[in-house]
>>> print(open('input-v8.cif').read())   # mmCIF, C-alpha atoms
data_input
#
loop_
_atom_site.label_atom_id
_atom_site.label_comp_id
_atom_site.auth_asym_id
_atom_site.auth_seq_id
_atom_site.Cartn_x
_atom_site.Cartn_y
_atom_site.Cartn_z
CA MET A 1 -11.26 -20.33 -27.41
CA GLY A 2 -10.04 -17.42 -29.49
CA ILE A 3 -7.11 -15.10 -28.97
CA LEU A 4 -7.44 -11.74 -30.68
CA SER A 5 -3.97 -10.55 -31.62
CA SER A 6 -2.16 -9.05 -34.56
CA ARG A 7 1.28 -8.94 -33.01
CA ILE A 8 2.68 -12.10 -31.48
CA ARG A 9 5.16 -11.03 -28.84
CA LYS A 10 6.63 -13.26 -26.15
CA GLU A 11 3.46 -12.85 -24.08
CA GLU A 12 1.11 -13.90 -26.87
CA LYS A 13 3.36 -16.78 -27.90
CA THR A 14 3.45 -18.04 -24.32
CA LEU A 15 -0.34 -17.85 -24.10
CA ILE A 16 -0.79 -19.61 -27.45
CA LYS A 17 1.59 -22.40 -26.43
CA GLU A 18 -0.17 -22.73 -23.09
CA ALA A 19 -3.57 -22.93 -24.77
CA ARG A 20 -2.40 -25.41 -27.40
CA GLY A 21 -1.11 -27.60 -24.60
CA ARG A 22 -4.61 -27.95 -23.16
CA LYS A 23 -6.29 -31.01 -24.65
CA GLU A 24 -9.71 -29.76 -23.68
CA LEU A 25 -9.67 -26.69 -25.89
CA GLU A 26 -9.39 -25.76 -29.52
CA LEU A 27 -7.63 -22.50 -30.16
CA GLU A 28 -8.24 -20.00 -32.94
CA VAL A 29 -5.88 -17.05 -33.24
CA ILE A 30 -7.71 -14.12 -34.84
CA ASP A 31 -5.64 -11.44 -36.54
CA PRO A 32 -7.93 -8.40 -36.91
CA ARG A 33 -5.88 -7.13 -39.82
CA GLU A 34 -7.06 -10.07 -41.88
CA ARG A 35 -10.72 -9.91 -40.99
CA ILE A 36 -13.75 -7.88 -41.90
CA PHE A 37 -16.22 -7.66 -39.04
CA ASP A 38 -19.88 -7.21 -39.83
CA PRO A 39 -22.98 -7.19 -37.62
CA ARG A 40 -23.44 -10.94 -38.05
CA GLU A 41 -19.91 -11.64 -36.86
CA ALA A 42 -20.87 -11.91 -33.22
CA ASN A 43 -23.24 -14.81 -33.76
CA GLN A 44 -21.04 -16.48 -36.37
CA LEU A 45 -18.10 -16.48 -33.99
CA GLY A 46 -20.36 -18.00 -31.37
CA ASP A 47 -20.60 -21.14 -33.51
CA ARG A 48 -16.89 -21.70 -32.98
CA LEU A 49 -15.89 -19.90 -29.81
CA ASP A 50 -17.04 -19.87 -26.21
CA VAL A 51 -14.58 -17.23 -25.12
CA LEU A 52 -12.30 -14.66 -26.73
CA LEU A 53 -9.18 -13.32 -25.03
CA ASP A 54 -8.31 -9.82 -26.23
CA ARG A 55 -4.58 -9.45 -26.77
CA GLU A 56 -4.84 -6.90 -29.55
CA ILE A 57 -2.06 -4.34 -29.25
CA SER A 58 -4.03 -1.61 -31.02
CA GLN A 59 -6.56 -0.25 -28.57
CA SER A 60 -8.60 1.29 -31.40
CA ARG A 61 -8.99 -2.07 -33.08
CA ALA A 62 -9.77 -3.77 -29.79
CA TYR A 63 -12.49 -1.25 -28.88
CA HIS A 64 -14.28 -1.65 -32.17
CA ILE A 65 -14.09 -5.43 -32.31
CA LEU A 66 -15.18 -5.89 -28.70
CA GLU A 67 -18.04 -3.45 -29.22
CA MET A 68 -19.27 -5.49 -32.19
CA LEU A 69 -19.03 -8.72 -30.22
CA ARG A 70 -20.33 -7.52 -26.86
CA THR A 71 -23.95 -8.52 -27.40
CA GLY A 72 -23.13 -11.87 -28.95
CA PRO A 73 -22.72 -15.30 -27.39
CA VAL A 74 -18.91 -15.20 -27.09
CA ARG A 75 -17.70 -14.25 -23.61
CA LEU A 76 -15.04 -11.56 -23.79
CA ILE A 77 -11.96 -11.23 -21.63
CA ASN A 78 -12.00 -8.49 -20.88
CA THR A 79 -15.40 -6.96 -21.49
CA PHE A 80 -15.74 -3.92 -23.74
CA GLU A 81 -16.63 -1.78 -20.75
CA THR A 82 -13.54 -2.81 -18.81
CA VAL A 83 -11.29 -2.30 -21.82
CA ARG A 84 -12.83 1.11 -22.45
CA ILE A 85 -12.22 2.24 -18.87
CA CYS A 86 -8.70 0.85 -18.59
CA GLY A 87 -7.80 2.17 -22.03
CA ASP A 88 -8.29 5.74 -20.86
CA LYS A 89 -6.39 6.98 -17.83
CA ALA A 90 -8.95 9.69 -17.07
CA PHE A 91 -11.78 7.14 -17.08
CA THR A 92 -9.75 4.82 -14.86
CA SER A 93 -8.96 7.56 -12.35
CA ALA A 94 -12.58 8.69 -12.29
CA VAL A 95 -13.89 5.16 -11.70
CA LEU A 96 -11.34 4.46 -8.97
CA GLU A 97 -12.10 7.77 -7.28
CA LYS A 98 -15.80 7.07 -7.29
CA ALA A 99 -15.27 3.56 -5.91
CA GLY A 100 -13.18 4.95 -3.05
CA VAL A 101 -10.03 3.14 -4.18
CA PRO A 102 -6.95 5.20 -3.27
CA THR A 103 -5.53 6.78 -6.43
CA PRO A 104 -3.43 9.90 -7.03
CA ASP A 105 -5.35 13.14 -7.27
CA PHE A 106 -5.94 14.20 -10.87
CA ARG A 107 -7.46 16.84 -13.10
CA VAL A 108 -8.66 16.83 -16.69
CA ALA A 109 -8.62 19.96 -18.85
CA PHE A 110 -9.23 20.57 -22.52
CA ASP A 111 -7.05 23.53 -23.42
CA ARG A 112 -3.73 25.02 -22.34
CA LYS A 113 -5.25 27.75 -20.20
CA GLY A 114 -7.42 25.24 -18.37
CA ALA A 115 -4.49 22.90 -17.93
CA LEU A 116 -2.39 25.66 -16.33
CA GLU A 117 -5.24 26.47 -13.96
CA ALA A 118 -5.59 22.79 -13.15
CA LEU A 119 -1.91 22.59 -12.29
CA GLU A 120 -2.15 25.58 -9.98
CA ASP A 121 -4.97 23.74 -8.23
CA LEU A 122 -3.24 20.35 -8.20
CA GLY A 123 0.18 21.70 -7.29
CA TYR A 124 3.68 21.03 -8.56
CA PRO A 125 5.23 18.66 -9.38
CA ALA A 126 2.60 16.88 -11.43
CA VAL A 127 2.64 14.36 -14.25
CA LEU A 128 1.10 14.95 -17.67
CA LYS A 129 0.05 11.75 -19.42
CA PRO A 130 -1.73 10.98 -22.67
CA VAL A 131 -5.05 9.43 -21.69
CA ASP A 132 -4.54 6.52 -24.06
CA GLY A 133 -0.83 6.00 -23.65
CA SER A 134 1.10 2.99 -22.48
CA TRP A 135 4.65 1.86 -21.67
CA GLY A 136 5.51 5.18 -20.05
CA ARG A 137 5.23 6.84 -23.43
CA MET A 138 5.09 10.64 -23.57
CA LEU A 139 4.95 11.16 -19.83
CA ALA A 140 6.13 14.52 -18.58
CA LYS A 141 6.95 15.38 -14.99
CA ILE A 142 6.16 19.07 -14.66
CA ASN A 143 8.01 20.77 -11.83
CA ASP A 144 6.91 24.37 -12.27
CA ARG A 145 4.85 26.75 -14.38
CA ASP A 146 7.69 27.47 -16.80
CA ALA A 147 7.98 23.78 -17.61
CA ALA A 148 4.20 23.48 -17.89
CA GLU A 149 3.97 26.28 -20.44
CA ALA A 150 6.74 24.73 -22.53
CA VAL A 151 5.32 21.20 -22.43
CA PHE A 152 1.79 22.37 -23.23
CA GLU A 153 3.05 24.36 -26.21
CA HIS A 154 4.82 21.28 -27.55
CA LYS A 155 1.75 19.15 -26.87
CA SER A 156 -0.37 21.55 -28.90
CA GLY A 157 1.73 20.66 -31.93
CA LEU A 158 0.85 16.96 -31.76
CA ASP A 159 -1.78 15.83 -34.19
CA SER A 160 -3.82 13.19 -32.36
CA HIS A 161 -7.08 14.56 -30.99
CA PHE A 162 -6.25 12.75 -27.75
CA HIS A 163 -3.60 15.40 -27.16
CA ASP A 164 -6.37 17.97 -26.78
CA ILE A 165 -7.09 16.23 -23.46
CA PHE A 166 -4.81 17.30 -20.62
CA TYR A 167 -4.75 14.55 -18.02
CA LEU A 168 -2.75 15.71 -15.03
CA GLN A 169 -1.92 13.52 -12.08
CA ASP A 170 -0.39 14.37 -8.75
CA TYR A 171 3.26 13.29 -8.70
CA VAL A 172 3.81 10.62 -6.08
CA GLU A 173 7.29 10.23 -4.63
CA LYS A 174 7.91 6.51 -4.90
CA SER A 175 11.66 6.09 -4.24
CA SER A 176 12.91 3.79 -6.95
CA ARG A 177 10.07 1.36 -7.41
CA ASP A 178 6.41 0.74 -7.94
CA ILE A 179 4.35 -2.46 -7.96
CA ARG A 180 2.66 -4.42 -10.70
CA ALA A 181 0.08 -6.90 -9.43
CA TYR A 182 -1.79 -9.45 -11.53
CA VAL A 183 -5.47 -9.96 -10.80
CA ILE A 184 -7.22 -12.80 -12.58
CA GLY A 185 -10.84 -13.29 -11.57
CA ASP A 186 -10.92 -13.05 -7.80
CA GLU A 187 -7.29 -13.98 -7.26
CA VAL A 188 -4.20 -11.84 -7.01
CA VAL A 189 -1.90 -14.24 -8.81
CA GLY A 190 1.26 -12.39 -7.86
CA ALA A 191 3.06 -9.09 -7.81
CA ALA A 192 6.45 -7.70 -8.71
CA TYR A 193 8.30 -4.54 -7.82
CA ARG A 194 9.42 -2.60 -10.86
CA VAL A 195 12.71 -1.00 -9.93
CA SER A 196 14.41 1.79 -11.83
CA ASP A 197 16.68 4.76 -11.22
CA HIS A 198 14.28 6.79 -13.36
CA TRP A 199 10.96 8.04 -12.02
CA VAL A 200 9.28 6.14 -14.89
CA THR A 201 9.47 2.51 -13.81
CA ASN A 202 7.66 0.76 -16.69
CA ALA A 203 9.31 -2.44 -17.85
CA ALA A 204 9.23 -1.00 -21.37
CA ARG A 205 11.45 1.81 -20.09
CA GLY A 206 13.91 -0.48 -18.36
CA GLY A 207 12.22 -1.16 -15.01
CA LYS A 208 13.47 -4.47 -13.60
CA ALA A 209 11.26 -6.94 -11.79
CA HIS A 210 11.97 -7.91 -8.20
CA PRO A 211 9.91 -10.24 -5.99
CA CYS A 212 7.03 -8.64 -4.10
CA GLU A 213 5.02 -10.51 -1.50
CA VAL A 214 1.27 -10.03 -1.68
CA GLY A 215 0.13 -9.16 1.81
CA LYS A 216 -3.46 -8.62 2.89
CA GLU A 217 -3.43 -4.87 2.32
CA LEU A 218 -2.04 -5.22 -1.20
CA GLU A 219 -4.42 -8.03 -2.04
CA GLU A 220 -7.43 -6.07 -0.82
CA ILE A 221 -6.68 -2.90 -2.77
CA CYS A 222 -5.92 -4.88 -5.94
CA LEU A 223 -9.22 -6.73 -5.77
CA ARG A 224 -11.12 -3.52 -5.06
CA ALA A 225 -9.42 -1.76 -7.96
CA ALA A 226 -10.13 -4.64 -10.32
CA ALA A 227 -13.77 -4.79 -9.24
CA ALA A 228 -14.14 -1.04 -9.76
CA VAL A 229 -13.28 -1.34 -13.45
CA GLY A 230 -15.43 -4.42 -13.98
CA GLY A 231 -13.10 -7.27 -13.07
CA GLY A 232 -11.51 -9.83 -15.33
CA ALA A 233 -7.82 -10.29 -16.03
CA LEU A 234 -5.97 -7.13 -15.11
CA ALA A 235 -2.56 -5.77 -14.22
CA VAL A 236 -2.86 -3.24 -11.43
CA ASP A 237 0.00 -0.74 -11.07
CA LEU A 238 0.41 0.70 -7.60
CA MET A 239 2.71 3.04 -5.74
CA GLU A 240 3.66 3.03 -2.07
CA THR A 241 3.00 6.12 -0.01
CA ALA A 242 3.25 6.92 3.68
CA GLY A 243 -0.51 6.42 3.87
CA GLY A 244 -0.56 3.07 2.09
CA PHE A 245 -0.88 1.87 -1.46
CA THR A 246 -2.32 4.04 -4.21
CA VAL A 247 -3.47 2.67 -7.58
CA ASN A 248 -1.78 4.43 -10.47
CA GLU A 249 -3.20 2.61 -13.51
CA ILE A 250 -4.92 -0.61 -14.52
CA ASN A 251 -3.99 -2.49 -17.67
CA CYS A 252 -6.52 -4.70 -19.40
CA SER A 253 -4.16 -6.52 -21.76
CA MET A 254 -1.46 -7.33 -19.29
CA GLU A 255 2.17 -7.68 -20.19
CA PHE A 256 4.08 -10.08 -17.97
CA LYS A 257 7.35 -10.91 -19.70
CA GLU A 258 9.52 -9.05 -17.18
CA SER A 259 7.45 -9.94 -14.10
CA MET A 260 7.48 -13.66 -14.94
CA LYS A 261 11.14 -13.72 -13.94
CA VAL A 262 10.16 -13.32 -10.29
CA LEU A 263 6.55 -14.50 -9.95
CA LYS A 264 5.94 -17.81 -8.21
CA LYS A 265 2.77 -18.60 -10.13
CA SER A 266 2.38 -18.69 -13.89
CA VAL A 267 0.30 -15.78 -15.19
CA PRO A 268 -0.28 -17.34 -18.64
CA SER A 269 -1.37 -20.63 -17.08
CA ARG A 270 -3.81 -18.88 -14.73
CA LEU A 271 -5.07 -16.73 -17.56
CA ILE A 272 -5.87 -19.74 -19.73
CA ASP A 273 -7.51 -21.43 -16.70
CA TYR A 274 -9.66 -18.33 -16.30
CA CYS A 275 -10.60 -18.24 -19.97
CA LEU A 276 -11.66 -21.89 -19.81
CA ALA A 277 -13.72 -21.28 -16.69
CA VAL A 278 -15.47 -18.22 -18.14
CA GLY A 279 -16.03 -20.01 -21.44
CA ALA A 280 -17.51 -23.05 -19.74
CA ASP A 281 -19.70 -20.99 -17.45
CA GLY A 282 -21.87 -19.76 -20.29
CA GLU A 283 -23.26 -16.80 -18.43
CA GLU A 284 -23.47 -13.37 -19.92
CA PRO A 285 -21.48 -10.71 -18.10
CA THR A 286 -23.40 -9.02 -15.34
CA SER A 287 -23.24 -5.45 -14.18
CA VAL A 288 -21.86 -4.07 -10.99
CA GLN A 289 -24.61 -2.19 -9.24
CA GLY A 290 -23.86 1.41 -8.53
CA ASN A 291 -20.68 1.39 -10.55
CA SER A 292 -21.84 3.68 -13.30
CA LEU A 293 -19.20 5.91 -14.77
CA PRO A 294 -19.01 9.24 -12.95
CA SER A 295 -19.08 12.76 -14.24
CA VAL A 296 -15.66 14.36 -14.10
CA GLU A 297 -14.98 18.04 -14.72
CA GLY A 298 -16.10 18.53 -18.26
CA PHE A 299 -17.02 15.07 -19.35
CA SER A 300 -19.47 12.42 -18.34
CA LEU A 301 -20.39 8.95 -19.42
CA GLU A 302 -23.59 7.06 -19.09
CA GLY A 303 -24.07 3.37 -18.55
CA GLU A 304 -22.94 0.69 -16.20
CA VAL A 305 -19.70 -1.12 -15.97
CA GLY A 306 -19.89 -4.74 -17.13
CA VAL A 307 -18.08 -7.45 -15.29
CA GLY A 308 -16.92 -10.85 -16.42
CA LYS A 309 -17.90 -13.53 -13.98
CA CYS A 310 -15.11 -14.15 -11.54
CA GLN A 311 -14.37 -17.80 -10.97
CA MET B 1 16.76 -19.89 -43.61
CA PRO B 2 15.03 -16.54 -44.26
CA ASN B 3 16.90 -13.27 -44.44
CA CYS B 4 16.28 -9.94 -42.79
CA PRO B 5 14.58 -7.82 -45.45
CA GLU B 6 16.54 -4.79 -44.25
CA CYS B 7 20.15 -5.94 -43.89
CA GLY B 8 20.12 -9.44 -45.38
CA THR B 9 21.27 -11.29 -42.28
CA GLU B 10 20.15 -14.92 -42.11
CA ILE B 11 17.65 -15.20 -39.27
CA ASP B 12 17.69 -18.21 -36.96
CA LEU B 13 14.11 -19.25 -36.43
CA PRO B 14 12.82 -20.76 -33.21
CA GLU B 15 11.68 -24.36 -33.71
CA ASP B 16 8.17 -23.44 -32.66
CA VAL B 17 7.89 -20.32 -34.82
CA ILE B 18 4.29 -19.21 -35.33
CA GLN B 19 2.38 -16.93 -37.68
CA ASN B 20 2.75 -13.20 -36.93
CA GLU B 21 5.51 -13.79 -34.42
CA ILE B 22 7.84 -10.86 -33.85
CA LEU B 23 11.56 -11.60 -34.13
CA ASP B 24 14.56 -9.32 -33.68
CA CYS B 25 17.26 -9.15 -36.32
CA PRO B 26 20.54 -9.74 -34.42
CA THR B 27 22.47 -7.51 -36.81
CA CYS B 28 20.42 -4.40 -37.53
CA GLY B 29 18.10 -4.77 -34.52
CA LEU B 30 14.91 -4.21 -36.46
CA GLU B 31 11.76 -6.04 -35.50
CA LEU B 32 10.60 -8.55 -38.09
CA GLU B 33 7.22 -10.19 -38.48
CA VAL B 34 6.61 -13.74 -39.64
CA VAL B 35 4.12 -13.12 -42.44
CA GLU B 36 4.15 -16.63 -43.94
CA LEU B 37 4.92 -19.96 -42.35
CA ASP B 38 5.33 -22.42 -45.21
CA PRO B 39 7.90 -21.43 -46.22
CA VAL B 40 8.72 -18.80 -43.63
CA GLU B 41 8.72 -15.26 -44.96
CA LEU B 42 9.74 -12.23 -42.93
CA ASP B 43 8.79 -8.62 -43.36
CA LEU B 44 9.54 -5.51 -41.36
CA ALA B 45 7.18 -5.43 -38.39
CA PRO B 46 4.72 -2.52 -38.28
CA GLU B 47 6.09 0.51 -36.49
CA GLU B 48 4.65 1.39 -33.10
CA GLU B 49 1.40 3.32 -33.28
CA GLU B 50 0.18 5.80 -30.72
CA ASP B 51 -2.77 3.63 -29.71
CA TRP B 52 -0.64 0.60 -29.01
CA GLY B 53 -0.47 -0.50 -25.44
CA GLU B 54 -1.48 -2.91 -22.76
#
>>> encode(input="input-v8.cif", output="C-alpha cells")
Amino acid sequence: MGILSSRIRKEEKTLIKEARGRKELELEVIDPRERIFDPREANQLGDRLDVLLDREISQSRAYHILEMLRTGPVRLINTFETVRICGDKAFTSAVLEKAGVPTPDFRVAFDRKGALEALEDLGYPAVLKPVDGSWGRMLAKINDRDAAEAVFEHKSGLDSHFHDIFYLQDYVEKSSRDIRAYVIGDEVVGAAYRVSDHWVTNAARGGKAHPCEVGKELEEICLRAAAAVGGGALAVDLMETAGGFTVNEINCSMEFKESMKVLKKSVPSRLIDYCLAVGADGEEPTSVQGNSLPSVEGFSLEGEVGVGKCQ
Amino acid sequence: MPNCPECGTEIDLPEDVIQNEILDCPTCGLELEVVELDPVELDLAPEEEEDWGE
C-alpha cells in the first residue's frame, strides 16, 4: 500500500502508524515533491503497490499524479474522477443537483456583472466561495448588493485564475452547527457536529466537534451523496434545515483530527481496512451508469464518474 | 536535540517522529518540517498554498 503525502500532519501520521501496525501490509509513503512521474510510472508502481491512498495536501499535485496513475494497475483511493469533482465546489454542487441529493441552490458566473445578476436571481444573503478552496478559506457572506460589489471588486484583484469563477451558494441558516459525516465504502463510520459561534464552522476555523448520532435519514443522504461523486472514502458536510439535511460539500481527503475526539469508531482504522479490501479485490474501478457530469450554466464536462468498489 | 531554525528553541521530538512530519515550535509558533531523520533536521514548513485542502 502507498500513501501519497508531502505533509505529515496528525491525520497522516495516525494513518501511517495504523498501516505500519498491520502485519499483512507493506507501506510506502510517497512524497510527490521528491518524485518525477513519467508515463511508465503507473505500471512501475504496480510492481510494488496494490493500492494508493491519496493524502496529498496540494490538490494540483494530487490531480496530476492521479491522472497519470488512473489507467495503471494500482487502485486509487479516491479515484481521479472523484477527486476532481470533490476538489471543485461547482462540480460537486452540479453532480449532487443532478443526482437529486439535497444541496443548497447555487449559481456560477464568470465576471462581476454576471455574478451580480446571479445574486439577484439567487437572493441575499448568499455565500461566495472559491471553487477550489478548503478550511473555510476566503468565504464571504454577502448580505446585499453593496457588499457584493465591494467583494467582487476585491476578488478581481486576486491573481489565481480560479478567482475568475464566481461560485455563489444560497446561505443556509444553520444555528450554530453543521455536520461532518465520514463515509468509507458503503458505511457511514460516524458523524460529528461542528459547533461554532461563527457562521463558518470548519474545524480549521475553530469549530468544535460534538457527538452526532447517525440516524437513518442522515445515513441515507450521506450514502447517496457519496455515490453521486463516485464513492470511496469521503467526508460529507451537511447542514440541517426545516426540510431535512442538505449537503454542503464533500471532501475527498478527509481530515478527522477534531472529529476523532467524539467519534465512536476509528476513522483511520476503517480507512486502512478499506484500502486493504480495495487493494486485495484487484478490480478496476467501474463507472456509475447515468452519472455523467452535467452541464451547468456556462460550463460542461464530458465523461462518466468512476467509482472505487465499495466493500 | 534539534533547534527551531527561526528562533533557536530546542525542539522536543516525539519518540515516533517520522519523515516530513509537521511540528510546532512552542516558542515562536512556526510550523517546522522534519526534513531528515538521521540525524533529525528541521526546516521551516512550506507556507500554505491556495490549492491546499482536504
>>> interface_residues(input="input-v8.cif", of="chain B", to="chain A", cutoff="10 Å", atoms="all atoms listed in the file", output="JSON, numbers by chain")
{"B": [16, 17, 18, 19, 20, 21, 22, 23, 33, 34, 45, 46, 48, 49, 50, 51, 52, 53, 54]}
>>> closest_residue(input="input-v8.cif", among="B:Glu15, B:Glu36, B:Asp24, B:Glu41", to="Asn3 of chain B", atoms="only C-alpha atoms")
B:Glu41
>>> resolve_selection(input="input-v8.cif", expression="the PyMOL selection byres ((chain A and resi 100-108) around 7)", output="list in words")
Ser93, Leu96, Glu97, Lys98, Ala99, Ala109, Phe110, Ala118, Ile165, Phe166, Tyr167, Leu168, Gln169, Asp170, Arg224, Ala225, Thr246, Val247, Asn248 and Glu297 of chain A
>>> residues_near_point(input="input-v8.cif", point="(20.8, -6.5, -35.2)", cutoff="12 Å", atoms="only C-alpha atoms", output="JSON list (two decimals) with C-alpha atoms, in the coordinates of the input")
[["chain", "number", "residue", "atom", "x", "y", "z"],
["B", 4, "CYS", "CA", 16.28, -9.94, -42.79],
["B", 6, "GLU", "CA", 16.54, -4.79, -44.25],
["B", 7, "CYS", "CA", 20.15, -5.94, -43.89],
["B", 8, "GLY", "CA", 20.12, -9.44, -45.38],
["B", 9, "THR", "CA", 21.27, -11.29, -42.28],
["B", 10, "GLU", "CA", 20.15, -14.92, -42.11],
["B", 11, "ILE", "CA", 17.65, -15.20, -39.27],
["B", 23, "LEU", "CA", 11.56, -11.60, -34.13],
["B", 24, "ASP", "CA", 14.56, -9.32, -33.68],
["B", 25, "CYS", "CA", 17.26, -9.15, -36.32],
["B", 26, "PRO", "CA", 20.54, -9.74, -34.42],
["B", 27, "THR", "CA", 22.47, -7.51, -36.81],
["B", 28, "CYS", "CA", 20.42, -4.40, -37.53],
["B", 29, "GLY", "CA", 18.10, -4.77, -34.52],
["B", 30, "LEU", "CA", 14.91, -4.21, -36.46],
["B", 31, "GLU", "CA", 11.76, -6.04, -35.50],
["B", 32, "LEU", "CA", 10.60, -8.55, -38.09]]
>>> closest_residue(input="input-v8.cif", among="A:Ile65, A:Val236, A:Leu218, A:Ala181", to="Met260 of chain A", atoms="all atoms listed in the file")
A:Ala181
>>> closest_residue(input="input-v8.cif", among="A:Asp159, A:Asp164, A:Asp281, A:Glu240", to="Arg180 of chain A", atoms="only C-alpha atoms")
A:Glu240
>>> resolve_selection(input="input-v8.cif", expression="the PyMOL selection byres ((chain A and resi 50-53) around 10)", output="ChimeraX atom specification")
/A:1-5,15,27-30,45-49,54-56,66,69,73-79,233,253,271-272,275-282
>>> write_last_selection(input="input-v8.cif", atoms="C-alpha atoms", output="PDB file, in the coordinates of the input")
ATOM      1  CA  MET A   1     -11.260 -20.330 -27.410  1.00  0.00           C
ATOM      2  CA  GLY A   2     -10.040 -17.420 -29.490  1.00  0.00           C
ATOM      3  CA  ILE A   3      -7.110 -15.100 -28.970  1.00  0.00           C
ATOM      4  CA  LEU A   4      -7.440 -11.740 -30.680  1.00  0.00           C
ATOM      5  CA  SER A   5      -3.970 -10.550 -31.620  1.00  0.00           C
ATOM      6  CA  LEU A  15      -0.340 -17.850 -24.100  1.00  0.00           C
ATOM      7  CA  LEU A  27      -7.630 -22.500 -30.160  1.00  0.00           C
ATOM      8  CA  GLU A  28      -8.240 -20.000 -32.940  1.00  0.00           C
ATOM      9  CA  VAL A  29      -5.880 -17.050 -33.240  1.00  0.00           C
ATOM     10  CA  ILE A  30      -7.710 -14.120 -34.840  1.00  0.00           C
ATOM     11  CA  LEU A  45     -18.100 -16.480 -33.990  1.00  0.00           C
ATOM     12  CA  GLY A  46     -20.360 -18.000 -31.370  1.00  0.00           C
ATOM     13  CA  ASP A  47     -20.600 -21.140 -33.510  1.00  0.00           C
ATOM     14  CA  ARG A  48     -16.890 -21.700 -32.980  1.00  0.00           C
ATOM     15  CA  LEU A  49     -15.890 -19.900 -29.810  1.00  0.00           C
ATOM     16  CA  ASP A  54      -8.310  -9.820 -26.230  1.00  0.00           C
ATOM     17  CA  ARG A  55      -4.580  -9.450 -26.770  1.00  0.00           C
ATOM     18  CA  GLU A  56      -4.840  -6.900 -29.550  1.00  0.00           C
ATOM     19  CA  LEU A  66     -15.180  -5.890 -28.700  1.00  0.00           C
ATOM     20  CA  LEU A  69     -19.030  -8.720 -30.220  1.00  0.00           C
ATOM     21  CA  PRO A  73     -22.720 -15.300 -27.390  1.00  0.00           C
ATOM     22  CA  VAL A  74     -18.910 -15.200 -27.090  1.00  0.00           C
ATOM     23  CA  ARG A  75     -17.700 -14.250 -23.610  1.00  0.00           C
ATOM     24  CA  LEU A  76     -15.040 -11.560 -23.790  1.00  0.00           C
ATOM     25  CA  ILE A  77     -11.960 -11.230 -21.630  1.00  0.00           C
ATOM     26  CA  ASN A  78     -12.000  -8.490 -20.880  1.00  0.00           C
ATOM     27  CA  THR A  79     -15.400  -6.960 -21.490  1.00  0.00           C
ATOM     28  CA  ALA A 233      -7.820 -10.290 -16.030  1.00  0.00           C
ATOM     29  CA  SER A 253      -4.160  -6.520 -21.760  1.00  0.00           C
ATOM     30  CA  LEU A 271      -5.070 -16.730 -17.560  1.00  0.00           C
ATOM     31  CA  ILE A 272      -5.870 -19.740 -19.730  1.00  0.00           C
ATOM     32  CA  CYS A 275     -10.600 -18.240 -19.970  1.00  0.00           C
ATOM     33  CA  LEU A 276     -11.660 -21.890 -19.810  1.00  0.00           C
ATOM     34  CA  ALA A 277     -13.720 -21.280 -16.690  1.00  0.00           C
ATOM     35  CA  VAL A 278     -15.470 -18.220 -18.140  1.00  0.00           C
ATOM     36  CA  GLY A 279     -16.030 -20.010 -21.440  1.00  0.00           C
ATOM     37  CA  ALA A 280     -17.510 -23.050 -19.740  1.00  0.00           C
ATOM     38  CA  ASP A 281     -19.700 -20.990 -17.450  1.00  0.00           C
ATOM     39  CA  GLY A 282     -21.870 -19.760 -20.290  1.00  0.00           C
TER      40      GLY A 282
END
>>> decode(input="input-v8.cif", residues="segment 221-258 of chain A", atoms="C-alpha atoms", output="PDB file, in the first residue's frame")
ATOM      1  CA  ILE A 221     -28.325  11.126   2.391  1.00  0.00           C
ATOM      2  CA  CYS A 222     -24.624  10.579   3.140  1.00  0.00           C
ATOM      3  CA  LEU A 223     -24.530   7.365   1.125  1.00  0.00           C
ATOM      4  CA  ARG A 224     -26.429   8.976  -1.746  1.00  0.00           C
ATOM      5  CA  ALA A 225     -24.090  11.958  -1.741  1.00  0.00           C
ATOM      6  CA  ALA A 226     -21.013   9.746  -1.683  1.00  0.00           C
ATOM      7  CA  ALA A 227     -22.355   7.587  -4.503  1.00  0.00           C
ATOM      8  CA  ALA A 228     -23.115  10.684  -6.584  1.00  0.00           C
ATOM      9  CA  VAL A 229     -19.453  11.710  -6.612  1.00  0.00           C
ATOM     10  CA  GLY A 230     -18.187   8.201  -7.264  1.00  0.00           C
ATOM     11  CA  GLY A 231     -17.888   6.721  -3.784  1.00  0.00           C
ATOM     12  CA  GLY A 232     -14.769   5.878  -1.841  1.00  0.00           C
ATOM     13  CA  ALA A 233     -13.583   7.455   1.389  1.00  0.00           C
ATOM     14  CA  LEU A 234     -15.275  10.797   1.836  1.00  0.00           C
ATOM     15  CA  ALA A 235     -16.200  13.402   4.421  1.00  0.00           C
ATOM     16  CA  VAL A 236     -19.669  14.735   3.736  1.00  0.00           C
ATOM     17  CA  ASP A 237     -20.517  18.140   5.214  1.00  0.00           C
ATOM     18  CA  LEU A 238     -24.203  18.750   5.790  1.00  0.00           C
ATOM     19  CA  MET A 239     -26.467  21.397   7.215  1.00  0.00           C
ATOM     20  CA  GLU A 240     -29.815  20.998   8.941  1.00  0.00           C
ATOM     21  CA  THR A 241     -32.820  22.788   7.527  1.00  0.00           C
ATOM     22  CA  ALA A 242     -36.527  22.722   8.302  1.00  0.00           C
ATOM     23  CA  GLY A 243     -36.930  20.427   5.300  1.00  0.00           C
ATOM     24  CA  GLY A 244     -34.188  18.000   6.280  1.00  0.00           C
ATOM     25  CA  PHE A 245     -30.487  17.667   5.658  1.00  0.00           C
ATOM     26  CA  THR A 246     -28.746  19.425   2.799  1.00  0.00           C
ATOM     27  CA  VAL A 247     -25.258  18.503   1.577  1.00  0.00           C
ATOM     28  CA  ASN A 248     -22.923  21.482   1.565  1.00  0.00           C
ATOM     29  CA  GLU A 249     -19.630  19.970   0.388  1.00  0.00           C
ATOM     30  CA  ILE A 250     -17.822  16.655   0.053  1.00  0.00           C
ATOM     31  CA  ASN A 251     -14.157  16.271   0.907  1.00  0.00           C
ATOM     32  CA  CYS A 252     -12.073  13.582  -0.749  1.00  0.00           C
ATOM     33  CA  SER A 253      -9.025  13.749   1.521  1.00  0.00           C
ATOM     34  CA  MET A 254     -10.813  13.813   4.814  1.00  0.00           C
ATOM     35  CA  GLU A 255      -9.473  15.498   7.890  1.00  0.00           C
ATOM     36  CA  PHE A 256     -10.595  13.894  11.129  1.00  0.00           C
ATOM     37  CA  LYS A 257      -8.356  15.199  13.908  1.00  0.00           C
ATOM     38  CA  GLU A 258     -11.105  17.236  15.590  1.00  0.00           C
TER      39      GLU A 258
END
